[in-house]
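*Asks:* So here's input.txt, just compact mmCIF, C-alpha atoms and all ligand atoms:
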```txt
# COMPACT_ATOMS: atom_id res chain seq x y z
CA MET A 225 -64.29 -23.60 0.11
CA SER A 226 -61.21 -24.96 1.89
CA GLN A 227 -58.74 -27.43 0.40
CA ARG A 228 -58.99 -31.01 1.69
CA HIS A 229 -55.89 -33.04 2.61
CA LEU A 230 -53.15 -32.11 0.14
CA CYS A 231 -50.57 -34.63 -1.04
CA PRO A 232 -47.16 -33.35 0.17
CA VAL A 233 -44.44 -32.78 -2.40
CA TRP A 234 -42.22 -35.49 -0.88
CA VAL A 235 -45.03 -38.00 -1.50
CA GLY A 236 -45.01 -36.78 -5.11
CA TYR A 237 -41.49 -38.25 -5.43
CA LEU A 238 -42.73 -41.58 -4.05
CA LEU A 239 -45.70 -41.61 -6.43
CA ALA A 240 -43.38 -41.06 -9.40
CA ASN A 241 -41.03 -43.85 -8.32
CA PRO A 242 -40.65 -46.59 -10.96
CA ILE A 243 -41.28 -49.25 -8.28
CA ARG A 244 -44.96 -48.25 -8.45
CA THR A 245 -44.97 -49.56 -12.03
CA LEU A 246 -44.73 -53.10 -10.62
CA PHE A 247 -48.32 -52.92 -9.40
CA GLN A 248 -49.71 -49.97 -11.38
CA ASN A 249 -48.24 -50.07 -14.86
CA PRO A 250 -49.27 -46.77 -16.49
CA GLU A 251 -48.67 -48.00 -20.04
CA LYS A 252 -50.96 -50.97 -19.45
CA ILE A 253 -53.58 -48.88 -17.67
CA LEU A 254 -53.64 -46.12 -20.29
CA GLY A 255 -52.73 -48.13 -23.39
CA PRO A 256 -56.26 -49.34 -24.22
CA HIS A 257 -57.61 -45.77 -24.04
CA LEU A 258 -55.02 -43.64 -25.82
CA THR A 259 -53.97 -43.44 -29.45
CA ALA A 260 -51.66 -41.20 -31.45
CA GLY A 261 -52.76 -37.60 -31.79
CA MET A 262 -55.08 -37.54 -28.79
CA TRP A 263 -55.28 -34.64 -26.38
CA VAL A 264 -55.13 -35.74 -22.77
CA LEU A 265 -55.90 -33.75 -19.64
CA ASP A 266 -54.26 -34.97 -16.41
CA ILE A 267 -55.82 -33.33 -13.36
CA GLY A 268 -53.68 -33.61 -10.21
CA SER A 269 -50.81 -34.88 -12.32
CA ALA A 270 -48.24 -34.41 -9.55
CA MET A 271 -44.83 -35.37 -11.02
CA GLY A 272 -46.29 -37.12 -14.02
CA PHE A 273 -46.42 -40.82 -13.19
CA PHE A 274 -49.31 -41.07 -15.65
CA SER A 275 -48.66 -37.94 -17.75
CA LEU A 276 -45.31 -39.06 -19.17
CA PRO A 277 -46.54 -42.48 -20.37
CA ALA A 278 -49.62 -40.68 -21.74
CA ALA A 279 -47.32 -38.34 -23.70
CA ARG A 280 -45.52 -41.39 -25.11
CA LEU A 281 -48.81 -43.01 -26.14
CA VAL A 282 -50.26 -39.93 -27.89
CA GLY A 283 -47.06 -39.45 -29.88
CA PRO A 284 -45.53 -36.30 -31.33
CA ILE A 285 -48.79 -34.78 -32.60
CA GLY A 286 -50.70 -35.47 -29.40
CA ARG A 287 -50.47 -33.41 -26.25
CA VAL A 288 -50.93 -33.76 -22.53
CA VAL A 289 -52.13 -30.86 -20.41
CA CYS A 290 -51.13 -31.35 -16.77
CA VAL A 291 -52.96 -29.37 -14.09
CA ASP A 292 -51.91 -29.32 -10.45
CA LEU A 293 -52.35 -27.11 -7.43
CA GLN A 294 -48.67 -27.29 -6.53
CA GLN A 295 -46.05 -25.63 -8.65
CA LYS A 296 -43.27 -27.83 -7.21
CA MET A 297 -45.03 -30.94 -8.50
CA LEU A 298 -45.20 -29.44 -11.99
CA ASP A 299 -41.60 -28.20 -11.89
CA ALA A 300 -40.47 -31.77 -11.16
CA LEU A 301 -42.80 -33.11 -13.86
CA LEU A 302 -41.29 -30.80 -16.49
CA ARG A 303 -37.74 -31.73 -15.46
CA ARG A 304 -38.62 -35.42 -15.77
CA ALA A 305 -40.29 -34.79 -19.16
CA SER A 306 -37.19 -32.98 -20.45
CA ARG A 307 -34.94 -35.86 -19.41
CA VAL A 308 -36.93 -38.29 -21.59
CA GLN A 309 -37.48 -35.89 -24.52
CA LEU A 310 -41.23 -35.57 -23.92
CA ARG A 311 -41.24 -31.90 -22.90
CA GLY A 312 -42.60 -30.78 -26.29
CA ARG A 313 -45.83 -32.75 -25.84
CA ILE A 314 -46.60 -31.54 -22.34
CA GLU A 315 -48.14 -28.35 -21.04
CA ALA A 316 -48.15 -27.74 -17.28
CA ARG A 317 -50.61 -25.46 -15.53
CA VAL A 318 -50.83 -24.44 -11.91
CA CYS A 319 -54.45 -24.06 -10.83
CA GLY A 320 -56.20 -22.54 -7.82
CA SER A 321 -58.08 -24.62 -5.24
CA GLU A 322 -61.43 -23.23 -6.45
CA CYS A 323 -61.02 -23.76 -10.15
CA LEU A 324 -58.94 -25.70 -12.69
CA GLY A 325 -58.69 -22.84 -15.20
CA ILE A 326 -59.23 -24.94 -18.31
CA ALA A 327 -62.06 -23.01 -19.99
CA ASP A 328 -59.83 -22.50 -23.07
CA LEU A 329 -59.86 -26.28 -23.62
CA HIS A 330 -63.62 -26.33 -24.28
CA ASP A 331 -64.52 -29.43 -26.40
CA ARG A 332 -60.84 -30.19 -27.08
CA ILE A 333 -59.92 -33.09 -24.82
CA ASP A 334 -60.22 -36.74 -25.87
CA MET A 335 -59.37 -38.29 -22.51
CA ALA A 336 -59.17 -36.83 -19.03
CA LEU A 337 -57.35 -38.54 -16.16
CA LEU A 338 -58.68 -38.02 -12.63
CA ILE A 339 -56.39 -40.38 -10.78
CA ALA A 340 -56.07 -40.20 -6.99
CA VAL A 341 -57.10 -36.56 -6.93
CA ILE A 342 -60.85 -36.13 -6.41
CA HIS A 343 -60.59 -36.97 -2.69
CA GLU A 344 -58.23 -33.96 -2.34
CA ILE A 345 -60.48 -31.52 -4.17
CA ALA A 346 -62.76 -29.31 -2.08
CA ASP A 347 -65.51 -29.08 -4.70
CA PRO A 348 -65.57 -32.28 -6.80
CA SER A 349 -68.79 -31.18 -8.56
CA ARG A 350 -67.11 -28.11 -9.92
CA CYS A 351 -64.09 -30.18 -11.00
CA PHE A 352 -66.32 -32.65 -12.86
CA ALA A 353 -68.17 -29.74 -14.51
CA GLU A 354 -64.91 -28.18 -15.72
CA VAL A 355 -63.63 -31.52 -17.00
CA HIS A 356 -66.96 -32.13 -18.74
CA ASP A 357 -66.67 -28.76 -20.49
CA SER A 358 -63.15 -29.55 -21.70
CA LEU A 359 -64.10 -32.90 -23.25
CA ARG A 360 -65.28 -33.39 -26.81
CA ALA A 361 -68.61 -35.24 -27.19
CA GLY A 362 -67.91 -38.91 -26.53
CA GLY A 363 -64.66 -38.09 -24.73
CA HIS A 364 -63.72 -40.24 -21.77
CA VAL A 365 -62.57 -39.84 -18.19
CA LEU A 366 -60.44 -42.40 -16.41
CA PHE A 367 -61.54 -41.86 -12.82
CA ALA A 368 -59.68 -43.71 -10.07
CA GLU A 369 -59.33 -43.29 -6.34
CA PRO A 370 -57.05 -45.15 -3.89
CA ARG A 371 -58.93 -47.91 -2.03
CA GLY A 372 -57.04 -47.17 1.18
CA HIS A 373 -58.25 -43.55 1.33
CA VAL A 374 -61.64 -43.72 -0.35
CA ALA A 375 -64.50 -45.95 0.82
CA GLU A 376 -66.81 -47.56 -1.72
CA GLU A 377 -69.64 -45.29 -0.58
CA THR A 378 -67.56 -42.16 -1.10
CA PHE A 379 -66.49 -43.37 -4.53
CA GLY A 380 -70.17 -43.95 -5.36
CA ALA A 381 -71.00 -40.41 -4.23
CA SER A 382 -68.27 -39.08 -6.55
CA LEU A 383 -69.69 -41.11 -9.44
CA ALA A 384 -73.09 -39.57 -8.73
CA ALA A 385 -71.54 -36.07 -8.78
CA ALA A 386 -69.82 -36.92 -12.07
CA GLU A 387 -73.12 -38.08 -13.53
CA ARG A 388 -74.83 -34.85 -12.48
CA ALA A 389 -72.08 -33.02 -14.38
CA GLY A 390 -72.88 -35.06 -17.51
CA LEU A 391 -70.19 -37.74 -17.14
CA ARG A 392 -71.81 -41.14 -17.17
CA LYS A 393 -70.09 -44.29 -15.94
CA ILE A 394 -69.77 -46.70 -18.86
CA GLY A 395 -67.62 -49.36 -17.28
CA SER A 396 -65.53 -50.42 -14.30
CA LEU A 397 -61.76 -50.65 -14.61
CA ARG A 398 -59.39 -52.96 -12.79
CA ILE A 399 -56.52 -50.97 -11.41
CA PRO A 400 -54.69 -52.53 -8.44
CA TRP A 401 -55.30 -50.83 -5.07
CA SER A 402 -57.91 -48.58 -6.68
CA ARG A 403 -61.58 -48.08 -7.24
CA ALA A 404 -61.83 -47.10 -10.89
CA ALA A 405 -64.38 -46.36 -13.57
CA LEU A 406 -64.49 -45.16 -17.13
CA LEU A 407 -66.84 -42.22 -17.67
CA GLU A 408 -68.09 -40.74 -20.92
CA LYS A 409 -69.34 -37.32 -21.92
CA GLY A 410 -72.69 -37.41 -23.62
CA GLY A 411 -73.28 -41.15 -23.46
CA CYS A 412 -77.06 -40.84 -23.83
CA LEU A 413 -79.56 -43.60 -23.20
CA GLU A 414 -82.13 -44.62 -25.77
CA PRO A 415 -85.60 -45.40 -24.35
CA ASP A 416 -84.77 -49.13 -24.14
CA GLY A 417 -81.68 -48.41 -22.08
CA GLU A 418 -79.19 -48.85 -24.94
CA ARG A 419 -76.40 -46.34 -24.65
CA ILE A 420 -75.61 -44.14 -27.63
CA GLY A 421 -71.92 -43.39 -27.82
CA SER A 422 -68.54 -44.67 -28.82
CA TRP A 423 -68.41 -47.44 -26.21
CA GLY A 424 -70.11 -50.73 -27.12
CA GLY A 425 -72.50 -52.61 -24.89
CA ARG A 426 -75.45 -51.65 -22.79
CA ALA A 427 -75.66 -48.97 -20.16
CA GLU A 428 -75.85 -49.90 -16.52
CA GLY A 429 -79.50 -49.08 -15.92
CA VAL A 430 -79.19 -45.33 -15.35
CA ALA A 431 -82.48 -43.58 -15.95
CA GLY A 432 -82.48 -40.27 -17.78
CA VAL A 433 -79.60 -37.92 -18.43
CA ALA A 434 -78.74 -35.30 -15.83
CA ALA A 435 -78.19 -31.76 -17.02
CA PRO A 436 -74.48 -31.09 -17.20
CA GLY A 437 -73.10 -28.86 -14.46
CA LYS A 438 -71.83 -25.42 -15.33
CA ALA A 439 -68.40 -24.13 -14.53
CA GLY A 440 -67.92 -20.37 -14.47
CA PRO A 441 -64.85 -18.60 -15.80
CA CYS A 442 -61.67 -18.40 -13.77
CA PRO A 443 -58.06 -17.37 -14.44
CA ARG A 444 -55.24 -19.79 -15.11
CA THR A 445 -51.50 -19.70 -14.79
CA LEU A 446 -49.21 -21.40 -17.24
CA VAL A 447 -46.04 -22.91 -15.83
CA GLY A 448 -44.61 -24.53 -18.91
CA GLY A 449 -46.33 -24.41 -22.26
CA LEU A 450 -45.66 -25.65 -25.72
CA GLN A 451 -45.82 -23.63 -28.86
CA PRO A 452 -48.67 -24.56 -31.21
CA GLU A 453 -47.32 -26.69 -34.03
CA PRO A 454 -48.72 -26.63 -37.57
CA GLY A 455 -50.73 -29.75 -38.27
CA LEU A 456 -52.04 -30.21 -34.73
CA ARG A 457 -55.72 -30.92 -34.80
CA GLY A 458 -58.08 -28.16 -33.76
CA THR A 459 -56.97 -24.60 -33.25
CA PRO A 460 -53.76 -24.07 -31.31
CA MET A 461 -53.99 -23.21 -27.63
CA PRO A 462 -52.76 -19.75 -26.70
CA VAL A 463 -49.50 -19.71 -24.78
CA ILE A 464 -49.16 -17.06 -22.09
CA PRO A 465 -45.53 -15.99 -21.67
C1 LIG B 501 -52.22 -38.18 -4.54
S1 LIG B 501 -51.56 -37.11 -5.76
C2 LIG B 501 -51.92 -38.05 -7.25
C3 LIG B 501 -50.96 -37.76 -8.34
C4 LIG B 501 -51.13 -38.56 -9.64
N1 LIG B 501 -52.45 -38.41 -10.24
C5 LIG B 501 -50.76 -39.99 -9.46
O1 LIG B 501 -51.65 -40.85 -9.42
O2 LIG B 501 -49.56 -40.23 -9.35
C6 LIG B 501 -52.76 -35.81 -5.88
C7 LIG B 501 -52.29 -34.60 -6.66
O3 LIG B 501 -53.43 -33.75 -6.83
C8 LIG B 501 -53.05 -32.41 -6.61
N2 LIG B 501 -54.22 -31.63 -6.20
C9 LIG B 501 -54.80 -31.56 -4.99
N3 LIG B 501 -55.86 -30.72 -5.02
C10 LIG B 501 -55.95 -30.26 -6.28
C11 LIG B 501 -56.83 -29.35 -6.93
N4 LIG B 501 -57.82 -28.74 -6.28
N5 LIG B 501 -56.64 -29.12 -8.25
C12 LIG B 501 -55.60 -29.72 -8.91
N6 LIG B 501 -54.75 -30.57 -8.34
C13 LIG B 501 -54.90 -30.83 -7.04
C14 LIG B 501 -51.98 -32.48 -5.56
O4 LIG B 501 -51.14 -31.34 -5.58
C15 LIG B 501 -51.25 -33.77 -5.96
O5 LIG B 501 -50.19 -33.49 -6.84
```
Would you put the structure from the file into structure tokens?
Ligand SMILES: C[S@@+](CC[C@H](N)C(=O)[O-])C[C@H]1O[C@@H](n2cnc3c(N)ncnc32)[C@H](O)[C@@H]1O
*Replies:*
Amino acid sequence: MSQRHLCPVWVGYLLANPIRTLFQNPEKILGPHLTAGMWVLDIGSAMGFFSLPAARLVGPIGRVVCVDLQQKMLDALLRRASRVQLRGRIEARVCGSECLGIADLHDRIDMALLIAVIHEIADPSRCFAEVHDSLRAGGHVLFAEPRGHVAEETFGASLAAAERAGLRKIGSLRIPWSRAALLEKGGCLEPDGERIGSWGGRAEGVAGVAAPGKAGPCPRTLVGGLQPEPGLRGTPMPVIP
């Protein structure tokens, strides 16, 4: 399957520019969803506009795994992380266009970020399936797409693909210039429509639970990893030299 439009590296510098914070403040956007010690997965992280604030919010025992198709984006992200002493909480992985290569993160991730990336991915269903597999039960996905590029209908189709992969929409999010939703893994519905899960309130009238999609194995390449530290929750991730 061929890659869709790919964000050029020079745009990566624009996206990481602090001026963006004036209308999309990453600390405010992520703050309500992240706490110390969490493991975060940032798909299509580019130069880390969201990954670095996420690393701050999860603290020294949390970690942020950044996955991107373009090595140059991740190289810049790691340089930026080093400058602000966050390098030790961040792992950067280059992926292929067919597969994210995150099978080793099975059931480990508390929160996945899919911000302004799904419209660039050739096979969104596969991406949602891989993200679903990486999340712990009850884990969340912050899914956002730029309004200018992605029509409401297309965003709805992506939400439907996410749901088929087992990621149910549990709320809408207000992020300027974006269409955004919070998704949850394994938010099941009781017969009366009440959702069972960590998020309060009632579900939005979705009938039944779709069978989660399956993502097959694929290789991964590590660009910059961190050494497992004693005391981190779960078993340490292997680091490929
Ligand atoms: C528009 S940028 C968004 C960056 C970041 N999430 C943000 O909001 O600042 C999209 C990023 O997704 C990456 N990307 C595109 N296709 C991808 C794929 N199949 N897998 C992983 N990353 C991909 C691009 O390289 C680019 O860095």
*Asks:* May I ask which of the residues A:Asn241, A:Ser306, A:Ser269, A:Ser402 is the closest one to Val288 of chain A, counting all atoms listed in the file?
*Replies:*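 Selected residue with least distance to Val288 of chain A: A:Ser269.
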*Asks:* Enumerate as a ChimeraX atom specification the residues within 9 Å of ligand LIG 501 (chain B), counting all atoms listed in the file.
*Replies:* /A:227-233,235-236,238-240,266-275,291-298,318-324,337-348,351,368-370
*Asks:* For atom CA of Thr259 of chain A and atom CA of Arg280 of chain A, quote the distance in Å rounded to one decimal.
*Replies:* 9.7 Å
*Asks:* Any idea what the distance is between atom CA of Trp401 of chain A and atom CA of Ile243 of chain A?
*Replies:*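 Interatomic distance, atom CA of Trp401 of chain A to atom CA of Ile243 of chain A: 14.5 Å.
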*Asks:* Considering only C-alpha atoms, return as a list of chain:residue names whatever protein or nucleic-acid residues lie within 8 Å of Gly395 of chain A, sequence-local ones (same chain, fewer than 5 positions apart) excluded.
*Replies:* A:Ala405, A:Leu406, A:Leu407
*Asks:* Between atom CA of Ile253 of chain A and atom CA of Arg398 of chain A, what is the distance in Å, rounded to a tenth?
*Replies:* 8.6 Å
*Asks:* Rank nothing, just name the residue among A:Val365, A:Leu301, A:Ala353, A:Val264 nearest to Ala385 of chain A, using all atoms listed in the file.
*Replies:*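 Smallest distance to Ala385 of chain A is found for A:Ala353.
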*Asks:* Rank A:Cys290, A:Leu265, A:Ile314, A:Ala278 by their smallest atom-to-atom distance to Asn249 of chain A, using all atoms listed in the file, and report the top residue only.
*Replies:* A:Ala278
*Asks:* List as a VMD selection string the residues having at least one atom at most 10 Å from position (-70.8, -44.9, -14.4) as given in the file, counting all atoms listed in the file.
*Replies:* chain A and resid 367 380 383 to 384 386 to 387 391 to 396 404 to 408 427 to 430
*Asks:* With C-alpha atoms retained, could you export that selection as a compact mmCIF listing (two decimals), in the coordinates of the input?
*Replies:*
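This went into result-v3.txt:
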```
# COMPACT_ATOMS: atom_id res chain seq x y z
CA PHE A 367 -61.54 -41.86 -12.82
CA GLY A 380 -70.17 -43.95 -5.36
CA LEU A 383 -69.69 -41.11 -9.44
CA ALA A 384 -73.09 -39.57 -8.73
CA ALA A 386 -69.82 -36.92 -12.07
CA GLU A 387 -73.12 -38.08 -13.53
CA LEU A 391 -70.19 -37.74 -17.14
CA ARG A 392 -71.81 -41.14 -17.17
CA LYS A 393 -70.09 -44.29 -15.94
CA ILE A 394 -69.77 -46.70 -18.86
CA GLY A 395 -67.62 -49.36 -17.28
CA SER A 396 -65.53 -50.42 -14.30
CA ALA A 404 -61.83 -47.10 -10.89
CA ALA A 405 -64.38 -46.36 -13.57
CA LEU A 406 -64.49 -45.16 -17.13
CA LEU A 407 -66.84 -42.22 -17.67
CA GLU A 408 -68.09 -40.74 -20.92
CA ALA A 427 -75.66 -48.97 -20.16
CA GLU A 428 -75.85 -49.90 -16.52
CA GLY A 429 -79.50 -49.08 -15.92
CA VAL A 430 -79.19 -45.33 -15.35
```
*Asks:* Please return as an NGL selection string every residue within 10 Å of (-68.4, -24.3, -24.9), taking into account all atoms listed in the file and the file's own coordinates.
*Replies:* :A and (327-332 or 357-360)
*Asks:* Is there a way to complete segment 228-247 of chain A with N, CA and C atoms and then write that out as a PDB file, in the coordinates of the input?
*Replies:*
```
ATOM      1  N   ARG A 228     -59.057 -29.825   0.846  1.00  0.00           N
ATOM      2  CA  ARG A 228     -58.990 -31.010   1.690  1.00  0.00           C
ATOM      3  C   ARG A 228     -57.531 -31.400   1.863  1.00  0.00           C
ATOM      4  N   HIS A 229     -57.268 -32.573   2.449  1.00  0.00           N
ATOM      5  CA  HIS A 229     -55.890 -33.040   2.610  1.00  0.00           C
ATOM      6  C   HIS A 229     -55.118 -32.892   1.294  1.00  0.00           C
ATOM      7  N   LEU A 230     -53.931 -32.319   1.360  1.00  0.00           N
ATOM      8  CA  LEU A 230     -53.150 -32.110   0.140  1.00  0.00           C
ATOM      9  C   LEU A 230     -51.918 -33.013   0.162  1.00  0.00           C
ATOM     10  N   CYS A 231     -51.722 -33.731  -0.909  1.00  0.00           N
ATOM     11  CA  CYS A 231     -50.570 -34.630  -1.040  1.00  0.00           C
ATOM     12  C   CYS A 231     -49.269 -33.828  -0.935  1.00  0.00           C
ATOM     13  N   PRO A 232     -48.409 -34.107   0.052  1.00  0.00           N
ATOM     14  CA  PRO A 232     -47.160 -33.350   0.170  1.00  0.00           C
ATOM     15  C   PRO A 232     -46.218 -33.623  -1.000  1.00  0.00           C
ATOM     16  N   VAL A 233     -45.343 -32.656  -1.248  1.00  0.00           N
ATOM     17  CA  VAL A 233     -44.440 -32.780  -2.400  1.00  0.00           C
ATOM     18  C   VAL A 233     -43.540 -34.010  -2.256  1.00  0.00           C
ATOM     19  N   TRP A 234     -43.108 -34.319  -1.020  1.00  0.00           N
ATOM     20  CA  TRP A 234     -42.220 -35.490  -0.880  1.00  0.00           C
ATOM     21  C   TRP A 234     -42.952 -36.767  -1.280  1.00  0.00           C
ATOM     22  N   VAL A 235     -44.272 -36.815  -1.066  1.00  0.00           N
ATOM     23  CA  VAL A 235     -45.030 -38.000  -1.500  1.00  0.00           C
ATOM     24  C   VAL A 235     -45.089 -38.029  -3.045  1.00  0.00           C
ATOM     25  N   GLY A 236     -45.044 -36.852  -3.643  1.00  0.00           N
ATOM     26  CA  GLY A 236     -45.010 -36.780  -5.110  1.00  0.00           C
ATOM     27  C   GLY A 236     -43.832 -37.576  -5.673  1.00  0.00           C
ATOM     28  N   TYR A 237     -42.664 -37.478  -4.970  1.00  0.00           N
ATOM     29  CA  TYR A 237     -41.490 -38.250  -5.430  1.00  0.00           C
ATOM     30  C   TYR A 237     -41.752 -39.751  -5.310  1.00  0.00           C
ATOM     31  N   LEU A 238     -42.419 -40.143  -4.219  1.00  0.00           N
ATOM     32  CA  LEU A 238     -42.730 -41.580  -4.050  1.00  0.00           C
ATOM     33  C   LEU A 238     -43.692 -42.052  -5.138  1.00  0.00           C
ATOM     34  N   LEU A 239     -44.691 -41.210  -5.427  1.00  0.00           N
ATOM     35  CA  LEU A 239     -45.700 -41.610  -6.430  1.00  0.00           C
ATOM     36  C   LEU A 239     -45.083 -41.752  -7.823  1.00  0.00           C
ATOM     37  N   ALA A 240     -44.015 -41.004  -8.076  1.00  0.00           N
ATOM     38  CA  ALA A 240     -43.380 -41.060  -9.400  1.00  0.00           C
ATOM     39  C   ALA A 240     -42.299 -42.133  -9.471  1.00  0.00           C
ATOM     40  N   ASN A 241     -42.090 -42.838  -8.358  1.00  0.00           N
ATOM     41  CA  ASN A 241     -41.030 -43.850  -8.320  1.00  0.00           C
ATOM     42  C   ASN A 241     -41.371 -45.026  -9.235  1.00  0.00           C
ATOM     43  N   PRO A 242     -40.388 -45.484 -10.032  1.00  0.00           N
ATOM     44  CA  PRO A 242     -40.650 -46.590 -10.960  1.00  0.00           C
ATOM     45  C   PRO A 242     -41.114 -47.874 -10.284  1.00  0.00           C
ATOM     46  N   ILE A 243     -40.824 -48.035  -8.989  1.00  0.00           N
ATOM     47  CA  ILE A 243     -41.280 -49.250  -8.280  1.00  0.00           C
ATOM     48  C   ILE A 243     -42.803 -49.376  -8.347  1.00  0.00           C
ATOM     49  N   ARG A 244     -43.485 -48.235  -8.369  1.00  0.00           N
ATOM     50  CA  ARG A 244     -44.960 -48.250  -8.450  1.00  0.00           C
ATOM     51  C   ARG A 244     -45.448 -48.971  -9.712  1.00  0.00           C
ATOM     52  N   THR A 245     -44.610 -48.927 -10.752  1.00  0.00           N
ATOM     53  CA  THR A 245     -44.970 -49.560 -12.030  1.00  0.00           C
ATOM     54  C   THR A 245     -45.205 -51.064 -11.869  1.00  0.00           C
ATOM     55  N   LEU A 246     -44.578 -51.656 -10.829  1.00  0.00           N
ATOM     56  CA  LEU A 246     -44.730 -53.100 -10.620  1.00  0.00           C
ATOM     57  C   LEU A 246     -46.180 -53.475 -10.337  1.00  0.00           C
ATOM     58  N   PHE A 247     -46.916 -52.573  -9.664  1.00  0.00           N
ATOM     59  CA  PHE A 247     -48.320 -52.920  -9.400  1.00  0.00           C
ATOM     60  C   PHE A 247     -49.301 -52.001 -10.115  1.00  0.00           C
TER      61      PHE A 247
END
```
